[in-house]
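Coordinates from input09.cif are shown below (mmCIF, C-alpha atoms and all ligand atoms).
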data_my_file
#
loop_
_atom_site.group_PDB
_atom_site.id
_atom_site.type_symbol
_atom_site.label_atom_id
_atom_site.label_comp_id
_atom_site.auth_asym_id
_atom_site.auth_seq_id
_atom_site.Cartn_x
_atom_site.Cartn_y
_atom_site.Cartn_z
ATOM 1 C CA MET A 1 0.000 0.000 0.000
ATOM 2 C CA SER A 2 1.204 3.536 -0.724
ATOM 3 C CA THR A 3 1.068 6.444 1.723
ATOM 4 C CA VAL A 4 2.005 10.124 1.592
ATOM 5 C CA TYR A 5 3.453 11.695 4.739
ATOM 6 C CA ASN A 6 2.952 15.435 4.206
ATOM 7 C CA SER A 7 5.428 18.051 5.503
ATOM 8 C CA ILE A 8 7.215 15.551 7.719
ATOM 9 C CA ILE A 9 10.787 16.746 6.953
ATOM 10 C CA ASP A 10 12.057 20.040 8.312
ATOM 11 C CA ARG A 11 12.842 22.372 5.351
ATOM 12 C CA LYS A 12 16.215 23.450 6.780
ATOM 13 C CA LYS A 13 17.323 19.826 7.088
ATOM 14 C CA LEU A 14 16.139 19.176 3.542
ATOM 15 C CA GLU A 15 18.209 22.110 2.239
ATOM 16 C CA LYS A 16 21.203 20.757 4.146
ATOM 17 C CA ILE A 17 20.815 17.311 2.628
ATOM 18 C CA SER A 18 20.321 18.707 -0.911
ATOM 19 C CA LYS A 19 23.509 20.723 -0.584
ATOM 20 C CA TYR A 20 25.426 17.747 0.810
ATOM 21 C CA TYR A 21 24.481 15.476 -2.114
ATOM 22 C CA SER A 22 24.996 18.171 -4.756
ATOM 23 C CA LEU A 23 28.698 18.139 -3.812
ATOM 24 C CA LEU A 24 29.191 14.337 -3.848
ATOM 25 C CA PRO A 25 30.665 12.654 -6.968
ATOM 26 C CA ASP A 26 28.436 10.791 -9.433
ATOM 27 C CA LEU A 27 28.880 7.010 -9.289
ATOM 28 C CA GLY A 28 27.152 6.537 -12.662
ATOM 29 C CA SER A 29 24.658 3.857 -13.514
ATOM 30 C CA GLU A 30 25.162 0.480 -15.165
ATOM 31 C CA THR A 31 21.797 0.554 -16.851
ATOM 32 C CA ASN A 32 20.971 4.151 -17.691
ATOM 33 C CA ASP A 33 23.435 6.925 -18.484
ATOM 34 C CA GLN A 34 20.734 9.554 -18.045
ATOM 35 C CA ILE A 35 20.727 8.978 -14.299
ATOM 36 C CA ILE A 36 23.163 10.490 -11.834
ATOM 37 C CA ASN A 37 23.624 8.161 -8.885
ATOM 38 C CA LYS A 38 25.275 9.112 -5.615
ATOM 39 C CA LYS A 39 26.164 7.015 -2.616
ATOM 40 C CA LEU A 40 23.707 7.072 0.259
ATOM 41 C CA GLU A 41 25.021 5.528 3.451
ATOM 42 C CA TYR A 42 21.963 5.216 5.630
ATOM 43 C CA HIS A 43 23.424 1.988 7.117
ATOM 44 C CA ASN A 44 26.220 4.147 8.575
ATOM 45 C CA LYS A 45 25.043 5.738 11.833
ATOM 46 C CA ASN A 46 27.432 8.692 11.351
ATOM 47 C CA ASP A 47 26.013 9.518 7.941
ATOM 48 C CA ILE A 48 23.918 12.650 7.368
ATOM 49 C CA SER A 49 21.073 10.593 5.860
ATOM 50 C CA TYR A 50 20.880 8.405 8.978
ATOM 51 C CA ASN A 51 20.935 11.438 11.275
ATOM 52 C CA ILE A 52 18.136 13.216 9.465
ATOM 53 C CA PHE A 53 15.900 10.348 8.406
ATOM 54 C CA SER A 54 16.296 7.703 11.090
ATOM 55 C CA PRO A 55 13.782 9.319 13.521
ATOM 56 C CA LEU A 56 11.278 9.837 10.669
ATOM 57 C CA PHE A 57 11.629 6.360 9.234
ATOM 58 C CA THR A 58 11.320 4.887 12.714
ATOM 59 C CA GLU A 59 8.069 6.823 13.112
ATOM 60 C CA ILE A 60 6.823 5.438 9.789
ATOM 61 C CA LEU A 61 8.179 1.888 9.879
ATOM 62 C CA GLY A 62 9.292 1.108 13.397
ATOM 63 C CA GLU A 63 12.400 -1.065 13.414
ATOM 64 C CA HIS A 64 13.937 -1.220 9.938
ATOM 65 C CA ASP A 65 17.101 -1.990 7.972
ATOM 66 C CA LEU A 66 18.305 -0.458 4.728
ATOM 67 C CA ASP A 67 18.581 -2.801 1.778
ATOM 68 C CA VAL A 68 19.844 -0.233 -0.755
ATOM 69 C CA GLY A 69 19.398 3.480 -1.288
ATOM 70 C CA ALA A 70 20.667 6.302 -3.484
ATOM 71 C CA TYR A 71 20.568 9.978 -4.330
ATOM 72 C CA LYS A 72 19.431 10.276 -7.940
ATOM 73 C CA GLU A 73 19.079 12.930 -10.611
ATOM 74 C CA SER A 74 17.152 11.771 -13.630
ATOM 75 C CA SER A 75 16.246 13.313 -16.965
ATOM 76 C CA ASN A 76 14.191 10.298 -18.012
ATOM 77 C CA PRO A 77 10.772 9.434 -16.564
ATOM 78 C CA TYR A 78 10.277 5.851 -15.423
ATOM 79 C CA PRO A 79 7.619 3.748 -17.161
ATOM 80 C CA ILE A 80 5.454 1.357 -15.101
ATOM 81 C CA HIS A 81 7.604 -1.005 -13.023
ATOM 82 C CA THR A 82 8.064 -2.505 -9.593
ATOM 83 C CA ASP A 83 11.139 -2.168 -7.360
ATOM 84 C CA SER A 84 10.858 -5.802 -6.362
ATOM 85 C CA ALA A 85 14.155 -7.469 -5.619
ATOM 86 C CA SER A 86 12.920 -10.880 -4.528
ATOM 87 C CA HIS A 87 13.647 -12.409 -7.944
ATOM 88 C CA HIS A 88 17.296 -11.393 -7.701
ATOM 89 C CA GLU A 89 19.714 -13.944 -6.338
ATOM 90 C CA TYR A 90 21.325 -11.392 -4.090
ATOM 91 C CA TRP A 91 18.102 -10.969 -2.139
ATOM 92 C CA ASN A 92 18.370 -14.180 -0.122
ATOM 93 C CA ASP A 93 22.015 -13.402 0.480
ATOM 94 C CA ARG A 94 21.195 -10.060 1.980
ATOM 95 C CA ILE A 95 18.496 -11.421 4.248
ATOM 96 C CA THR A 96 20.817 -14.159 5.463
ATOM 97 C CA ARG A 97 23.695 -11.774 6.048
ATOM 98 C CA ARG A 98 21.495 -9.489 8.083
ATOM 99 C CA GLY A 99 20.376 -12.467 10.114
ATOM 100 C CA GLY A 100 16.696 -11.852 9.822
ATOM 101 C CA GLU A 101 13.635 -11.734 7.690
ATOM 102 C CA GLU A 102 12.502 -8.864 5.580
ATOM 103 C CA LYS A 103 9.929 -6.947 7.641
ATOM 104 C CA HIS A 104 8.809 -4.127 5.408
ATOM 105 C CA ASN A 105 9.877 -4.575 1.783
ATOM 106 C CA MET A 106 9.090 -0.894 1.306
ATOM 107 C CA ALA A 107 10.311 1.946 -0.885
ATOM 108 C CA LEU A 108 10.550 5.448 0.621
ATOM 109 C CA LEU A 109 10.876 8.420 -1.710
ATOM 110 C CA VAL A 110 12.112 11.832 -0.577
ATOM 111 C CA PRO A 111 11.529 14.493 -3.291
ATOM 112 C CA LEU A 112 14.287 17.109 -3.582
ATOM 113 C CA VAL A 113 12.327 19.105 -6.182
ATOM 114 C CA GLU A 114 8.646 19.966 -6.310
ATOM 115 C CA GLY A 115 5.899 21.062 -8.677
ATOM 116 C CA PRO A 116 2.947 19.756 -10.679
ATOM 117 C CA GLU A 117 5.249 18.319 -13.387
ATOM 118 C CA PHE A 118 6.740 15.860 -10.871
ATOM 119 C CA LYS A 119 4.315 13.097 -10.089
ATOM 120 C CA THR A 120 4.570 9.505 -8.945
ATOM 121 C CA VAL A 121 1.529 7.337 -9.529
ATOM 122 C CA VAL A 122 1.118 4.084 -7.620
ATOM 123 C CA PHE A 123 -1.341 1.411 -8.697
ATOM 124 C CA ASP A 124 -3.315 -1.103 -6.705
ATOM 125 C CA ALA A 125 -1.496 -3.871 -8.577
ATOM 126 C CA TYR A 126 1.413 -6.058 -7.537
ATOM 127 C CA SER A 127 4.077 -8.194 -9.187
ATOM 128 C CA GLU A 128 7.415 -9.752 -8.320
ATOM 129 C CA GLU A 129 8.600 -9.024 -11.875
ATOM 130 C CA PHE A 130 10.106 -5.685 -12.916
ATOM 131 C CA PHE A 131 7.191 -5.391 -15.341
ATOM 132 C CA LYS A 132 4.745 -7.929 -16.709
ATOM 133 C CA GLU A 133 1.525 -7.163 -18.608
ATOM 134 C CA PRO A 134 -1.158 -7.175 -15.895
ATOM 135 C CA ASP A 135 -3.994 -9.688 -15.885
ATOM 136 C CA PRO A 136 -6.774 -8.045 -18.019
ATOM 137 C CA LYS A 137 -9.208 -8.981 -15.233
ATOM 138 C CA ILE A 138 -7.798 -6.252 -12.969
ATOM 139 C CA LEU A 139 -7.991 -3.475 -15.601
ATOM 140 C CA ILE A 140 -10.684 -0.799 -15.401
ATOM 141 C CA ASP A 141 -12.109 1.425 -18.169
ATOM 142 C CA ASP A 142 -10.367 4.648 -17.185
ATOM 143 C CA ASN A 143 -8.424 5.542 -14.037
ATOM 144 C CA GLY A 144 -8.507 9.284 -14.806
ATOM 145 C CA LEU A 145 -4.782 9.746 -15.526
ATOM 146 C CA ASP A 146 -3.973 12.205 -18.331
ATOM 147 C CA PRO A 147 -2.459 10.128 -21.189
ATOM 148 C CA ASP A 148 -0.337 13.140 -22.235
ATOM 149 C CA GLU A 149 1.588 12.885 -18.977
ATOM 150 C CA PHE A 150 2.275 9.159 -19.437
ATOM 151 C CA ARG A 151 3.197 8.679 -23.125
ATOM 152 C CA HIS A 152 6.464 6.986 -22.068
ATOM 153 C CA CYS A 153 4.475 4.302 -20.198
ATOM 154 C CA GLN A 154 2.946 1.008 -21.246
ATOM 155 C CA GLN A 155 -0.602 1.177 -22.647
ATOM 156 C CA CYS A 156 -2.246 -0.114 -19.485
ATOM 157 C CA VAL A 157 -1.236 3.084 -17.624
ATOM 158 C CA THR A 158 -4.724 4.615 -17.871
ATOM 159 C CA ARG A 159 -6.477 1.316 -17.094
ATOM 160 C CA LEU A 160 -4.729 0.033 -13.983
ATOM 161 C CA PRO A 161 -6.597 0.716 -10.734
ATOM 162 C CA LEU A 162 -4.969 3.834 -9.294
ATOM 163 C CA GLU A 163 -4.106 3.977 -5.600
ATOM 164 C CA ILE A 164 -2.314 7.333 -5.411
ATOM 165 C CA SER A 165 -1.373 10.131 -7.793
ATOM 166 C CA TYR A 166 1.191 12.045 -5.796
ATOM 167 C CA GLU A 167 2.463 15.503 -6.813
ATOM 168 C CA TRP A 168 5.951 16.037 -5.404
ATOM 169 C CA LYS A 169 6.273 18.501 -2.570
ATOM 170 C CA LEU A 170 9.383 19.325 -0.535
ATOM 171 C CA GLY A 171 9.142 17.993 3.004
ATOM 172 C CA ASP A 172 6.983 14.990 2.083
ATOM 173 C CA ILE A 173 7.780 11.289 2.033
ATOM 174 C CA LEU A 174 5.976 8.837 -0.264
ATOM 175 C CA THR A 175 6.079 5.121 0.535
ATOM 176 C CA TRP A 176 4.933 2.059 -1.418
ATOM 177 C CA ASP A 177 5.450 -1.685 -1.376
ATOM 178 C CA ARG A 178 8.431 -2.649 -3.503
ATOM 179 C CA ASN A 179 6.332 -5.147 -5.454
ATOM 180 C CA GLN A 180 3.685 -2.521 -6.232
ATOM 181 C CA LEU A 181 3.396 -1.159 -9.807
ATOM 182 C CA HIS A 182 4.212 2.543 -10.108
ATOM 183 C CA ALA A 183 5.382 5.103 -12.686
ATOM 184 C CA SER A 184 6.551 8.678 -13.063
ATOM 185 C CA ALA A 185 4.755 11.416 -14.978
ATOM 186 C CA ASP A 186 6.715 12.845 -17.910
ATOM 187 C CA PHE A 187 8.520 15.768 -16.273
ATOM 188 C CA ALA A 188 11.189 15.615 -19.023
ATOM 189 C CA ARG A 189 8.853 17.093 -21.660
ATOM 190 C CA HIS A 190 9.039 20.307 -19.623
ATOM 191 C CA GLY A 191 12.849 20.226 -19.791
ATOM 192 C CA LEU A 192 13.113 19.445 -16.090
ATOM 193 C CA ILE A 193 15.402 17.194 -14.073
ATOM 194 C CA LYS A 194 14.126 15.148 -11.174
ATOM 195 C CA LYS A 195 16.156 14.979 -7.949
ATOM 196 C CA PHE A 196 15.301 12.650 -5.111
ATOM 197 C CA LEU A 197 16.462 10.203 -2.471
ATOM 198 C CA ILE A 198 15.195 6.641 -2.623
ATOM 199 C CA PHE A 199 15.465 4.122 0.206
ATOM 200 C CA PHE A 200 14.554 0.432 -0.047
ATOM 201 C CA MET A 201 13.955 -1.013 3.400
ATOM 202 C CA LEU A 202 14.042 -4.609 4.546
HETATM 203 FE FE FE B 1 10.619 2.465 -8.757
#
Could you write out this structure as structure tokens?
Amino acid sequence: MSTVYNSIIDRKKLEKISKYYSLLPDLGSETNDQIINKKLEYHNKNDISYNIFSPLFTEILGEHDLDVGAYKESSNPYPIHTDSASHHEYWNDRITRRGGEEKHNMALLVPLVEGPEFKTVVFDAYSEEFFKEPDPKILIDDNGLDPDEFRHCQQCVTRLPLEISYEWKLGDILTWDRNQLHASADFARHGLIKKFLIFFML
């Protein structure tokens, strides 16, 4: 299930974190050269991300462990996909190494830009695959999304049951289940770049 936590992050702390990541080097991406990726060390208790977000994430999730996370700048909107990792071999490894079971399997998004062009839509549809055509039985006639904002997405984008259409606002946190289908609106057609932090929690 997806949830928006409005105005939960102090603006001054958000400015501090934006500045911190703007100065870090880009690690690049193996899969997409239009994405700037920077190291996020939430597992390190001395790290700025842990200091700022640990109390908030504890409020949202209770006890939690980071699986992976990153600072990203993207000039390419994501089509419909899940963030599921359970089909990757490394998943079981990670769980074993951490000596426990996955408790949350959640994604937490922290927008570092805001405006009506930046939207994340989350559907009431789940899959362990990155993307698989959904069962036609779950599709509806029209979920109300504007097709012009989602031309980069698969055709089912206006027919999947919509759970949340979230417009990015500084200070908010959006969460969803990692195996939940979601997509980005096409901010790139406005010549914009999207900046955000993403945390995947065990
Ligand atoms: Fe995602």
Picked residues, the PyMOL selection byres (((not hetatm)) within 8 of (chain B and resi 1)), expected as number ranges by chain: A: 78, 81-83, 107, 178, 182-183
message: With distances taken over all atoms listed in the file, which residue among A:Lys19, A:Pro134, A:His104, A:Leu27 lies nearest Gly62 in chain A?
response: A:His104
- request: For CA of Asp186 in chain A and CA of Asp10 in chain A, quote the distance in Å rounded to one decimal.
  value: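 Going from CA of Asp186 in chain A over to CA of Asp10 in chain A, I get 27.7 Å.
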- request: Write out as a list in words the residues lying within 7 Å of range 116-131 of chain A, counting only C-alpha atoms and excluding same-chain residues fewer than 3 positions away.
  value: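 After dropping sequence-adjacent residues, the list is Ser2, Ile80, His81, Thr82, Asp83, Ser84, Ser86, His87, Leu160, Pro161, Leu162, Glu163, Ile164, Ser165, Tyr166, Glu167, Trp168, Asn179, Gln180, Leu181, His182, Ala183, Ser184, Ala185 and Phe187 of chain A.
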- prompt: With distances taken over only C-alpha atoms, which of A:Leu40, A:Ile60, A:Ile9, A:Val110 is nearest to Phe196 in chain A?
  reply: A:Val110
- prompt: On this structure, which residues satisfy the PyMOL selection byres (((chain A and resi 146) around 12) and not hetatm), written as a list in words?
  reply: Lys119, Val121, Asp142, Asn143, Gly144, Leu145, Pro147, Asp148, Glu149, Phe150, Arg151, Cys153, Val157, Thr158, Arg159, Ser165, Ala185 and Asp186 of chain A
message: To one decimal place in Å, what is the distance between CA of Phe57 in chain A and CA of Lys72 in chain A?
response: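 The value is 19.3 Å.
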message: Residues near Phe199 in chain A, anyone? I mean within 7 Å using only C-alpha atoms, not counting same-chain ones fewer than 3 positions away, as a list in words.
response: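 So, after excluding close chain neighbours, the residues are Val68, Gly69, Ala70, Ala107, Leu108 and Leu109 of chain A.
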Saved selection, atoms kept: C-alpha atoms, as a PDB file, in the frame of the given file:
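Full text of again.pdb as output:
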ATOM      1  CA  VAL A  68      19.844  -0.233  -0.755  1.00  0.00           C
ATOM      2  CA  GLY A  69      19.398   3.480  -1.288  1.00  0.00           C
ATOM      3  CA  ALA A  70      20.667   6.302  -3.484  1.00  0.00           C
ATOM      4  CA  ALA A 107      10.311   1.946  -0.885  1.00  0.00           C
ATOM      5  CA  LEU A 108      10.550   5.448   0.621  1.00  0.00           C
ATOM      6  CA  LEU A 109      10.876   8.420  -1.710  1.00  0.00           C
TER       7      LEU A 109
END
query: At what distance in Å, to one decimal, does CA of His64 in chain A lie from CA of Val4 in chain A?
result: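 These two atoms are separated by 18.5 Å.
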- prompt: Mind listing as an MDAnalysis selection string all residues within 10 Å of (24.6, 7.6, -6.4), counting all atoms listed in the file?
  reply: chainID A and resid 21 24:29 35:40 69:73 197
Box for range 141-150 of chain A - axis-aligned, 4 Å on each of the six sides, all listed atoms - centre and size in Å to one decimal, as AutoDock Vina command-line options.
--center_x -4.9 --center_y 7.3 --center_z -18.1 --size_x 22.4 --size_y 19.7 --size_z 16.2
